Amino acid sequence: MSRLVTSLSPNAERDDIRLAASLLLQPWKWQTGPAITDLEQALGHFFHTQAITFESGRSALTAAIHALNLPKNSEIILQAFTCVAVPNSIRWADCIPIYADVDPNTFTIDPSAIETLITPNTRAILIQHTFGIPAHMDTLIELARKHKLLVIEDCAHSFGSRWNGQLLGTFGDVAIFSFGRDKSLSSIFGGVALTRDISLANRLRSQQTQAPISTKHWVLQQLLHPLTLALSLKTYDTLSFGKIILEVSKRLHLISKAVEPQERQGTRPTWTGRRLPNALALLALHQWKKRERFDAHRRTLTRIYQQELKHPDIIHPNWAKEADPALLRYPIRTPKRDILFKAATSAKMQLGDWYTSPLAPEGTNEQAAHYDRTQTPNAVTLSKDTLNLPTHINISKSGAKKICTLIKTTLNQT
């Protein structure tokens, strides 16, 4: 059986890999070109907003917060059970992250945990739609209006998800999406800020215009990523050749990492705060054309997991009736998570580990991120019992059913 994976460029199909290979031979298209505007126009038309791109979701978020013109050291409430890239972006915009606990049913911010955190310095709520599950937008928007707080939507996981029929990313003052390597649509790196506020959009555009262009070396790393991962996966279980290829490529800096070591310590990498390069915009546009097929496939696999994984040791997510998620990953909770990880690895399956720490990845300097895990017990619990199942296009329905069989068999034997 070929290896079933949750991460490792999961959206890359053969035509995406061919496009990346073609772009490697056309360096004049790497940094600037019309694809950037084309992508922004496509996104703006789809969401009925202004769209301003950057080289990553974290840079889009930092720019969005800067564009809100908040006083220095303003507090922004966000959820725990998140990636360090989120509080880092807040800090890099000269604001302070304040962590609320999560609703364990949805993995999103618990509205009831917010109000006690609001102070005279609180200026905004950052709403993360974890795994593509919509947060409870009605309650959160009402809460923000009550306290005159701005709303930032973190839609890095949630292309295509809706609340009451309305697309996520269109509720707040500003929203960001990510085209990262493991996201719903991928150009390895890339991010966009969306807003209907023309003044805010102009401030974002000004930041984009003044931002430096991504270097050719950095663009090269991203274009090599889908090719390297494709070769690695083909040989992953052949005398560990694939593992060696992947590790050597990282050590030689032939490909980039999703989170750099210095980011775990709160330090901003030099490649951030830049414009989206044209080559990555071309990759994103190519994936954008597939979004309806990708979303339909994610919903199909979600139904399989819901129907097949009925077991007393499994807790499924339980989202509100208003939510219509297109899940980036399907999260389940079980006290036997670590056992399942090992069993899956032995069976040539890679299950998702978002998040094994309430502030991921593991080894993050929580003090530098202003995070105190004792204040968010639900997030800590989720980090100990959550695993996620793939919903991407390269997992077939039969592959999803094999994953379900492996999980049920393992749980019944332990």
# chains A, B, ... in the order shown; residues from 1 in each chain; ligands from 1
>>> select_by_dssp(residues="stretch 156-399 of chain A", states="strand (DSSP E or B)", output="PyMOL selection string")
chain A and resi 162-163+166-167+174-178+191-195+315+323-324+329-333+349+352+359-360+386-390
>>> write_last_selection(atoms="C-alpha atoms", output="PDB file, in the first residue's frame")
ATOM      1  CA  ARG A 162     -19.450  29.035   5.764  1.00  0.00           C
ATOM      2  CA  TRP A 163     -21.553  30.237   8.683  1.00  0.00           C
ATOM      3  CA  GLN A 166     -21.924  33.276   4.471  1.00  0.00           C
ATOM      4  CA  LEU A 167     -18.294  32.648   3.599  1.00  0.00           C
ATOM      5  CA  VAL A 174     -10.231  42.129   8.134  1.00  0.00           C
ATOM      6  CA  ALA A 175      -9.447  38.474   7.433  1.00  0.00           C
ATOM      7  CA  ILE A 176      -6.379  36.542   6.398  1.00  0.00           C
ATOM      8  CA  PHE A 177      -6.009  33.338   4.417  1.00  0.00           C
ATOM      9  CA  SER A 178      -2.933  31.200   3.901  1.00  0.00           C
ATOM     10  CA  GLY A 191      -1.029  34.754   2.248  1.00  0.00           C
ATOM     11  CA  VAL A 192      -3.715  37.317   1.591  1.00  0.00           C
ATOM     12  CA  ALA A 193      -5.569  39.918   3.643  1.00  0.00           C
ATOM     13  CA  LEU A 194      -9.217  40.600   2.774  1.00  0.00           C
ATOM     14  CA  THR A 195     -11.305  43.611   3.764  1.00  0.00           C
ATOM     15  CA  ILE A 315     -14.965  11.878  20.316  1.00  0.00           C
ATOM     16  CA  ALA A 323     -21.730  25.850  10.500  1.00  0.00           C
ATOM     17  CA  ASP A 324     -20.948  24.404   7.071  1.00  0.00           C
ATOM     18  CA  ARG A 329      -8.343  18.057   8.426  1.00  0.00           C
ATOM     19  CA  TYR A 330     -10.871  15.969  10.310  1.00  0.00           C
ATOM     20  CA  PRO A 331     -10.016  16.104  14.034  1.00  0.00           C
ATOM     21  CA  ILE A 332     -10.916  13.357  16.470  1.00  0.00           C
ATOM     22  CA  ARG A 333     -10.143  12.981  20.147  1.00  0.00           C
ATOM     23  CA  MET A 349      -0.018   6.002   7.320  1.00  0.00           C
ATOM     24  CA  GLY A 352      -1.951  14.640  11.575  1.00  0.00           C
ATOM     25  CA  LEU A 359       1.025  26.558  21.336  1.00  0.00           C
ATOM     26  CA  ALA A 360       2.517  24.633  18.438  1.00  0.00           C
ATOM     27  CA  THR A 386      -6.328  15.159  19.438  1.00  0.00           C
ATOM     28  CA  LEU A 387      -5.259  13.667  16.148  1.00  0.00           C
ATOM     29  CA  ASN A 388      -6.396  14.656  12.694  1.00  0.00           C
ATOM     30  CA  LEU A 389      -7.272  12.702   9.596  1.00  0.00           C
ATOM     31  CA  PRO A 390      -6.533  13.768   6.024  1.00  0.00           C
TER      32      PRO A 390
END
>>> closest_atom_pairs(of="stretch 224-298 of chain A", to="stretch 4-26 of chain A", cutoff="9 Å", atoms="only C-alpha atoms", output="tab-separated table")
residue	atom	partner	partner_atom	distance
A:Leu224	CA	A:Ala20	CA	7.4
A:His225	CA	A:Ser9	CA	8.0
A:Pro226	CA	A:Ile17	CA	5.9
A:Leu227	CA	A:Ile17	CA	6.0
A:Leu229	CA	A:Leu8	CA	6.5
A:Ala230	CA	A:Ile17	CA	8.0
A:Leu233	CA	A:Leu8	CA	8.5
A:Ala279	CA	A:Leu23	CA	6.9
A:Leu280	CA	A:Ala20	CA	8.9
A:Leu282	CA	A:Leu19	CA	8.6
A:Leu283	CA	A:Asp16	CA	7.1
A:His286	CA	A:Asp16	CA	7.3
A:Gln287	CA	A:Asp16	CA	7.7
A:Phe294	CA	A:Asn11	CA	8.6
>>> residues_around(residues="A:Leu39", least_positions_apart="4", cutoff="7 Å", atoms="only C-alpha atoms", output="MDAnalysis selection string")
chainID A and resid 35 43 281 285
>>> closest_residue(among="A:Gly180, A:Pro277, A:Pro312, A:Pro111", to="A:Lys257", atoms="only C-alpha atoms")
A:Gly180
>>> closest_residue(among="A:Asn73, A:Thr82, A:Asn394, A:Ser59", to="A:Thr376", atoms="only C-alpha atoms")
A:Thr82
>>> closest_residue(among="A:Ser74, A:Gln41, A:Thr228, A:Gln375", to="A:Asn121", atoms="only C-alpha atoms")
A:Ser74
>>> closest_residue(among="A:Leu382, A:Ile213, A:Ile52, A:Ala343", to="A:Leu406", atoms="only C-alpha atoms")
A:Ala343
>>> closest_residue(among="A:Ile255, A:Ala42, A:Leu78, A:Ala67", to="A:Leu204", atoms="only C-alpha atoms")
A:Ala67
>>> residues_around(residues="A:Glu362", least_positions_apart="3", cutoff="12 Å", atoms="only C-alpha atoms", output="JSON, numbers by chain")
{"A": [81, 82, 83, 84, 259, 261, 263, 264, 265, 353, 354, 355, 356, 357, 358, 359, 365, 366, 383, 384]}
>>> closest_residue(among="A:Thr334, A:Thr122, A:Ser249, A:Ser187", to="A:Asn278", atoms="only C-alpha atoms")
A:Ser187
>>> atom_distance(atom1="atom CA of A:Lys401", atom2="atom CA of A:Leu351")
13.6 Å
>>> select_by_dssp(residues="stretch 340-373 of chain A", states="alpha helix (DSSP H)", output="PDB file with N, CA and C atoms, in the first residue's frame")
ATOM      1  N   LEU A 340      -2.420   5.152  18.509  1.00  0.00           N
ATOM      2  CA  LEU A 340      -2.875   5.229  17.120  1.00  0.00           C
ATOM      3  C   LEU A 340      -1.787   5.790  16.211  1.00  0.00           C
ATOM      4  N   PHE A 341      -1.053   6.781  16.681  1.00  0.00           N
ATOM      5  CA  PHE A 341       0.044   7.329  15.888  1.00  0.00           C
ATOM      6  C   PHE A 341       1.046   6.231  15.527  1.00  0.00           C
ATOM      7  N   LYS A 342       1.416   5.428  16.523  1.00  0.00           N
ATOM      8  CA  LYS A 342       2.405   4.371  16.289  1.00  0.00           C
ATOM      9  C   LYS A 342       1.865   3.302  15.350  1.00  0.00           C
ATOM     10  N   ALA A 343       0.617   2.915  15.552  1.00  0.00           N
ATOM     11  CA  ALA A 343       0.014   1.900  14.688  1.00  0.00           C
ATOM     12  C   ALA A 343      -0.081   2.401  13.256  1.00  0.00           C
ATOM     13  N   ALA A 344      -0.424   3.662  13.085  1.00  0.00           N
ATOM     14  CA  ALA A 344      -0.539   4.229  11.745  1.00  0.00           C
ATOM     15  C   ALA A 344       0.819   4.270  11.052  1.00  0.00           C
ATOM     16  N   THR A 345       1.840   4.662  11.777  1.00  0.00           N
ATOM     17  CA  THR A 345       3.178   4.706  11.195  1.00  0.00           C
ATOM     18  C   THR A 345       3.612   3.329  10.722  1.00  0.00           C
ATOM     19  N   SER A 346       3.331   2.305  11.513  1.00  0.00           N
ATOM     20  CA  SER A 346       3.679   0.932  11.133  1.00  0.00           C
ATOM     21  C   SER A 346       2.924   0.489   9.888  1.00  0.00           C
TER      22      SER A 346
END
>>> residues_around(residues="A:Lys216", least_positions_apart="6", cutoff="10 Å", atoms="only C-alpha atoms", output="PyMOL selection string")
chain A and resi 27-28+30-31+222+277
>>> residues_around(residues="A:Ala296", least_positions_apart="6", cutoff="10 Å", atoms="only C-alpha atoms", output="list of chain:residue names")
A:Gly160, A:Thr302, A:Ala326, A:Ile393
>>> residues_around(residues="A:Asn412", least_positions_apart="5", cutoff="12 Å", atoms="only C-alpha atoms", output="PyMOL selection string")
chain A and resi 310-314+336+339-340+405-407
>>> decode(residues="stretch 106-231 of chain A", atoms="C-alpha atoms", output="PDB file, in the first residue's frame")
ATOM      1  CA  THR A 106     -15.204  22.845  17.915  1.00  0.00           C
ATOM      2  CA  PHE A 107     -11.498  23.513  18.663  1.00  0.00           C
ATOM      3  CA  THR A 108     -12.314  27.233  18.252  1.00  0.00           C
ATOM      4  CA  ILE A 109     -12.344  30.118  20.718  1.00  0.00           C
ATOM      5  CA  ASP A 110     -14.855  29.773  23.558  1.00  0.00           C
ATOM      6  CA  PRO A 111     -17.025  32.929  23.559  1.00  0.00           C
ATOM      7  CA  SER A 112     -17.687  32.521  27.288  1.00  0.00           C
ATOM      8  CA  ALA A 113     -13.942  32.725  27.996  1.00  0.00           C
ATOM      9  CA  ILE A 114     -13.477  36.111  26.349  1.00  0.00           C
ATOM     10  CA  GLU A 115     -15.340  38.651  28.445  1.00  0.00           C
ATOM     11  CA  THR A 116     -13.233  38.263  31.591  1.00  0.00           C
ATOM     12  CA  LEU A 117     -10.101  38.930  29.509  1.00  0.00           C
ATOM     13  CA  ILE A 118     -11.273  42.284  28.176  1.00  0.00           C
ATOM     14  CA  THR A 119      -9.423  45.291  29.629  1.00  0.00           C
ATOM     15  CA  PRO A 120      -9.241  48.987  28.696  1.00  0.00           C
ATOM     16  CA  ASN A 121      -6.305  48.025  26.440  1.00  0.00           C
ATOM     17  CA  THR A 122      -8.222  45.381  24.486  1.00  0.00           C
ATOM     18  CA  ARG A 123      -8.741  46.459  20.889  1.00  0.00           C
ATOM     19  CA  ALA A 124      -9.589  43.335  18.892  1.00  0.00           C
ATOM     20  CA  ILE A 125     -10.630  39.696  18.891  1.00  0.00           C
ATOM     21  CA  LEU A 126      -8.830  37.339  16.540  1.00  0.00           C
ATOM     22  CA  ILE A 127     -11.174  34.507  15.549  1.00  0.00           C
ATOM     23  CA  GLN A 128      -9.498  31.321  14.319  1.00  0.00           C
ATOM     24  CA  HIS A 129     -11.577  28.769  12.421  1.00  0.00           C
ATOM     25  CA  THR A 130      -9.543  25.729  13.458  1.00  0.00           C
ATOM     26  CA  PHE A 131      -9.385  22.870  10.930  1.00  0.00           C
ATOM     27  CA  GLY A 132     -12.008  24.788   8.912  1.00  0.00           C
ATOM     28  CA  ILE A 133     -14.650  24.512  11.653  1.00  0.00           C
ATOM     29  CA  PRO A 134     -16.434  27.873  11.906  1.00  0.00           C
ATOM     30  CA  ALA A 135     -16.257  29.567  15.279  1.00  0.00           C
ATOM     31  CA  HIS A 136     -19.634  30.668  16.678  1.00  0.00           C
ATOM     32  CA  MET A 137     -19.783  33.869  14.659  1.00  0.00           C
ATOM     33  CA  ASP A 138     -23.147  35.201  15.847  1.00  0.00           C
ATOM     34  CA  THR A 139     -22.079  35.207  19.485  1.00  0.00           C
ATOM     35  CA  LEU A 140     -18.580  36.491  18.749  1.00  0.00           C
ATOM     36  CA  ILE A 141     -19.681  39.355  16.518  1.00  0.00           C
ATOM     37  CA  GLU A 142     -22.286  40.386  19.093  1.00  0.00           C
ATOM     38  CA  LEU A 143     -19.624  40.309  21.817  1.00  0.00           C
ATOM     39  CA  ALA A 144     -17.232  42.399  19.724  1.00  0.00           C
ATOM     40  CA  ARG A 145     -19.898  45.001  19.021  1.00  0.00           C
ATOM     41  CA  LYS A 146     -20.883  45.144  22.681  1.00  0.00           C
ATOM     42  CA  HIS A 147     -17.324  46.023  23.676  1.00  0.00           C
ATOM     43  CA  LYS A 148     -16.498  48.034  20.522  1.00  0.00           C
ATOM     44  CA  LEU A 149     -13.747  45.622  19.507  1.00  0.00           C
ATOM     45  CA  LEU A 150     -12.407  45.037  16.027  1.00  0.00           C
ATOM     46  CA  VAL A 151     -12.706  41.546  14.545  1.00  0.00           C
ATOM     47  CA  ILE A 152      -9.861  39.792  12.748  1.00  0.00           C
ATOM     48  CA  GLU A 153     -10.663  36.444  11.131  1.00  0.00           C
ATOM     49  CA  ASP A 154      -7.884  33.873  10.868  1.00  0.00           C
ATOM     50  CA  CYS A 155      -9.069  31.733   7.971  1.00  0.00           C
ATOM     51  CA  ALA A 156      -5.779  29.930   7.361  1.00  0.00           C
ATOM     52  CA  HIS A 157      -7.619  26.585   7.655  1.00  0.00           C
ATOM     53  CA  SER A 158     -10.978  27.527   6.215  1.00  0.00           C
ATOM     54  CA  PHE A 159     -11.217  28.201   2.486  1.00  0.00           C
ATOM     55  CA  GLY A 160     -14.796  27.374   1.516  1.00  0.00           C
ATOM     56  CA  SER A 161     -16.278  27.070   5.014  1.00  0.00           C
ATOM     57  CA  ARG A 162     -19.450  29.035   5.764  1.00  0.00           C
ATOM     58  CA  TRP A 163     -21.553  30.237   8.683  1.00  0.00           C
ATOM     59  CA  ASN A 164     -25.269  30.604   7.995  1.00  0.00           C
ATOM     60  CA  GLY A 165     -24.436  30.418   4.304  1.00  0.00           C
ATOM     61  CA  GLN A 166     -21.924  33.276   4.471  1.00  0.00           C
ATOM     62  CA  LEU A 167     -18.294  32.648   3.599  1.00  0.00           C
ATOM     63  CA  LEU A 168     -15.830  32.798   6.450  1.00  0.00           C
ATOM     64  CA  GLY A 169     -13.513  35.722   5.943  1.00  0.00           C
ATOM     65  CA  THR A 170     -16.354  38.153   5.289  1.00  0.00           C
ATOM     66  CA  PHE A 171     -17.585  38.742   8.856  1.00  0.00           C
ATOM     67  CA  GLY A 172     -14.827  40.801  10.428  1.00  0.00           C
ATOM     68  CA  ASP A 173     -13.033  44.060   9.791  1.00  0.00           C
ATOM     69  CA  VAL A 174     -10.231  42.129   8.134  1.00  0.00           C
ATOM     70  CA  ALA A 175      -9.447  38.474   7.433  1.00  0.00           C
ATOM     71  CA  ILE A 176      -6.379  36.542   6.398  1.00  0.00           C
ATOM     72  CA  PHE A 177      -6.009  33.338   4.417  1.00  0.00           C
ATOM     73  CA  SER A 178      -2.933  31.200   3.901  1.00  0.00           C
ATOM     74  CA  PHE A 179      -1.603  29.356   0.865  1.00  0.00           C
ATOM     75  CA  GLY A 180       0.889  27.434   3.007  1.00  0.00           C
ATOM     76  CA  ARG A 181       2.080  23.955   2.111  1.00  0.00           C
ATOM     77  CA  ASP A 182      -0.481  22.154   4.304  1.00  0.00           C
ATOM     78  CA  LYS A 183      -3.429  24.482   3.721  1.00  0.00           C
ATOM     79  CA  SER A 184      -6.626  23.990   1.697  1.00  0.00           C
ATOM     80  CA  LEU A 185      -5.064  25.597  -1.383  1.00  0.00           C
ATOM     81  CA  SER A 186      -1.301  25.648  -1.536  1.00  0.00           C
ATOM     82  CA  SER A 187       1.513  27.540  -3.201  1.00  0.00           C
ATOM     83  CA  ILE A 188       3.968  26.322  -0.496  1.00  0.00           C
ATOM     84  CA  PHE A 189       3.969  29.820   1.012  1.00  0.00           C
ATOM     85  CA  GLY A 190       1.623  32.741   0.464  1.00  0.00           C
ATOM     86  CA  GLY A 191      -1.029  34.754   2.248  1.00  0.00           C
ATOM     87  CA  VAL A 192      -3.715  37.317   1.591  1.00  0.00           C
ATOM     88  CA  ALA A 193      -5.569  39.918   3.643  1.00  0.00           C
ATOM     89  CA  LEU A 194      -9.217  40.600   2.774  1.00  0.00           C
ATOM     90  CA  THR A 195     -11.305  43.611   3.764  1.00  0.00           C
ATOM     91  CA  ARG A 196     -14.308  45.584   2.561  1.00  0.00           C
ATOM     92  CA  ASP A 197     -12.996  48.746   4.228  1.00  0.00           C
ATOM     93  CA  ILE A 198     -11.409  50.830   1.451  1.00  0.00           C
ATOM     94  CA  SER A 199      -9.266  52.881   3.846  1.00  0.00           C
ATOM     95  CA  LEU A 200      -7.982  49.720   5.489  1.00  0.00           C
ATOM     96  CA  ALA A 201      -7.327  48.186   2.074  1.00  0.00           C
ATOM     97  CA  ASN A 202      -5.356  51.257   1.027  1.00  0.00           C
ATOM     98  CA  ARG A 203      -3.184  50.992   4.139  1.00  0.00           C
ATOM     99  CA  LEU A 204      -2.584  47.320   3.401  1.00  0.00           C
ATOM    100  CA  ARG A 205      -1.733  48.126  -0.216  1.00  0.00           C
ATOM    101  CA  SER A 206       0.719  50.765   0.945  1.00  0.00           C
ATOM    102  CA  GLN A 207       2.483  48.201   3.139  1.00  0.00           C
ATOM    103  CA  GLN A 208       2.585  45.740   0.267  1.00  0.00           C
ATOM    104  CA  THR A 209       4.014  48.326  -2.138  1.00  0.00           C
ATOM    105  CA  GLN A 210       6.737  49.285   0.325  1.00  0.00           C
ATOM    106  CA  ALA A 211       7.610  45.670   1.165  1.00  0.00           C
ATOM    107  CA  PRO A 212      10.717  44.161  -0.420  1.00  0.00           C
ATOM    108  CA  ILE A 213      10.491  41.533  -3.129  1.00  0.00           C
ATOM    109  CA  SER A 214      11.129  37.938  -2.046  1.00  0.00           C
ATOM    110  CA  THR A 215      14.623  36.808  -3.013  1.00  0.00           C
ATOM    111  CA  LYS A 216      15.236  34.427  -5.894  1.00  0.00           C
ATOM    112  CA  HIS A 217      16.841  31.941  -3.517  1.00  0.00           C
ATOM    113  CA  TRP A 218      13.715  31.888  -1.343  1.00  0.00           C
ATOM    114  CA  VAL A 219      11.461  31.445  -4.391  1.00  0.00           C
ATOM    115  CA  LEU A 220      13.724  28.619  -5.562  1.00  0.00           C
ATOM    116  CA  GLN A 221      13.282  26.854  -2.212  1.00  0.00           C
ATOM    117  CA  GLN A 222       9.505  26.961  -2.585  1.00  0.00           C
ATOM    118  CA  LEU A 223       9.505  25.720  -6.186  1.00  0.00           C
ATOM    119  CA  LEU A 224      11.749  22.818  -5.191  1.00  0.00           C
ATOM    120  CA  HIS A 225       9.391  21.824  -2.383  1.00  0.00           C
ATOM    121  CA  PRO A 226       6.660  19.969  -4.353  1.00  0.00           C
ATOM    122  CA  LEU A 227       9.264  18.197  -6.488  1.00  0.00           C
ATOM    123  CA  THR A 228      11.322  17.141  -3.482  1.00  0.00           C
ATOM    124  CA  LEU A 229       8.255  15.954  -1.580  1.00  0.00           C
ATOM    125  CA  ALA A 230       6.960  13.985  -4.567  1.00  0.00           C
ATOM    126  CA  LEU A 231      10.297  12.166  -4.857  1.00  0.00           C
TER     127      LEU A 231
END
